[in-house]
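Report on the following structure.
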Amino acid sequence: MIKPRGCNASGHKGWVELKCRICAKKLYIGDDIIYVCPKCSRTQDAYFCIADAKKTIHMKCPYCGSELKLLLTLT
């Protein structure tokens with residue numbers, strides 16, 4: 001049996017890494033606090049770091065205006 005290698009391997013950072021839409025900070029699921037827009041997350045990958053979510057956009061999505069939620073509480 002062939003084991004997955006490179007970006008297909010389960011331990012690869014690409015599986016758990018997201019980027020903030022405003023500052024492009026790398027966010028890791030499980031390590032960082034990640035805010036997401038429930039409406040825009042599927043179409044525009046609207047993920048935000050805690051600093052930008054609270055200070056820059058004041059917990060509102062800049063695309064649709066809806067309230068941001070924590071990523072881990074959506075699932």
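We name chains A, B, ... following the order of the structure tokens; residues begin at 1 in each chain, and ligands are numbered from 1 as shown.
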Using only C-alpha atoms, which protein or nucleic acid residues come within 12 Å of Glu67 of chain A? Drop anything in the same chain fewer than 5 positions from it, and give the result as a ChimeraX atom specification. /A:35-40,53-54,57-62
Residue nearest Leu70 of chain A - candidates A:Ala51, A:Leu27, A:Ile33, A:Ala46, atoms counted: only C-alpha atoms: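 For Leu70 of chain A, the nearest of the given residues is A:Ile33.
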Long-range neighbours of Asp32 of chain A as a list in words, 9 Å cut-off, only C-alpha atoms, 4 positions minimum in chain: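 Listed by chain and then number, they are Leu27, Tyr28, Cys49 and Ile50 of chain A.
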Atom CA of Leu72 of chain A and atom CA of Ile29 of chain A are how many Å apart?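 So the answer is 8.4 Å.
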Distance of atom CA of Asp45 of chain A from atom CA of Gly30 of chain A, expressed in Å to one decimal place: 17.6 Å
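Atom CA of Asp52 of chain A lies 10.1 Å from atom CA of Lys25 of chain A.
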Run DSSP on the backbone and grab whatever in segment 3-73 of chain A lands in strand (DSSP E); send it over as a ChimeraX atom specification. /A:17-19,26-28,34-36,47-49,69-70
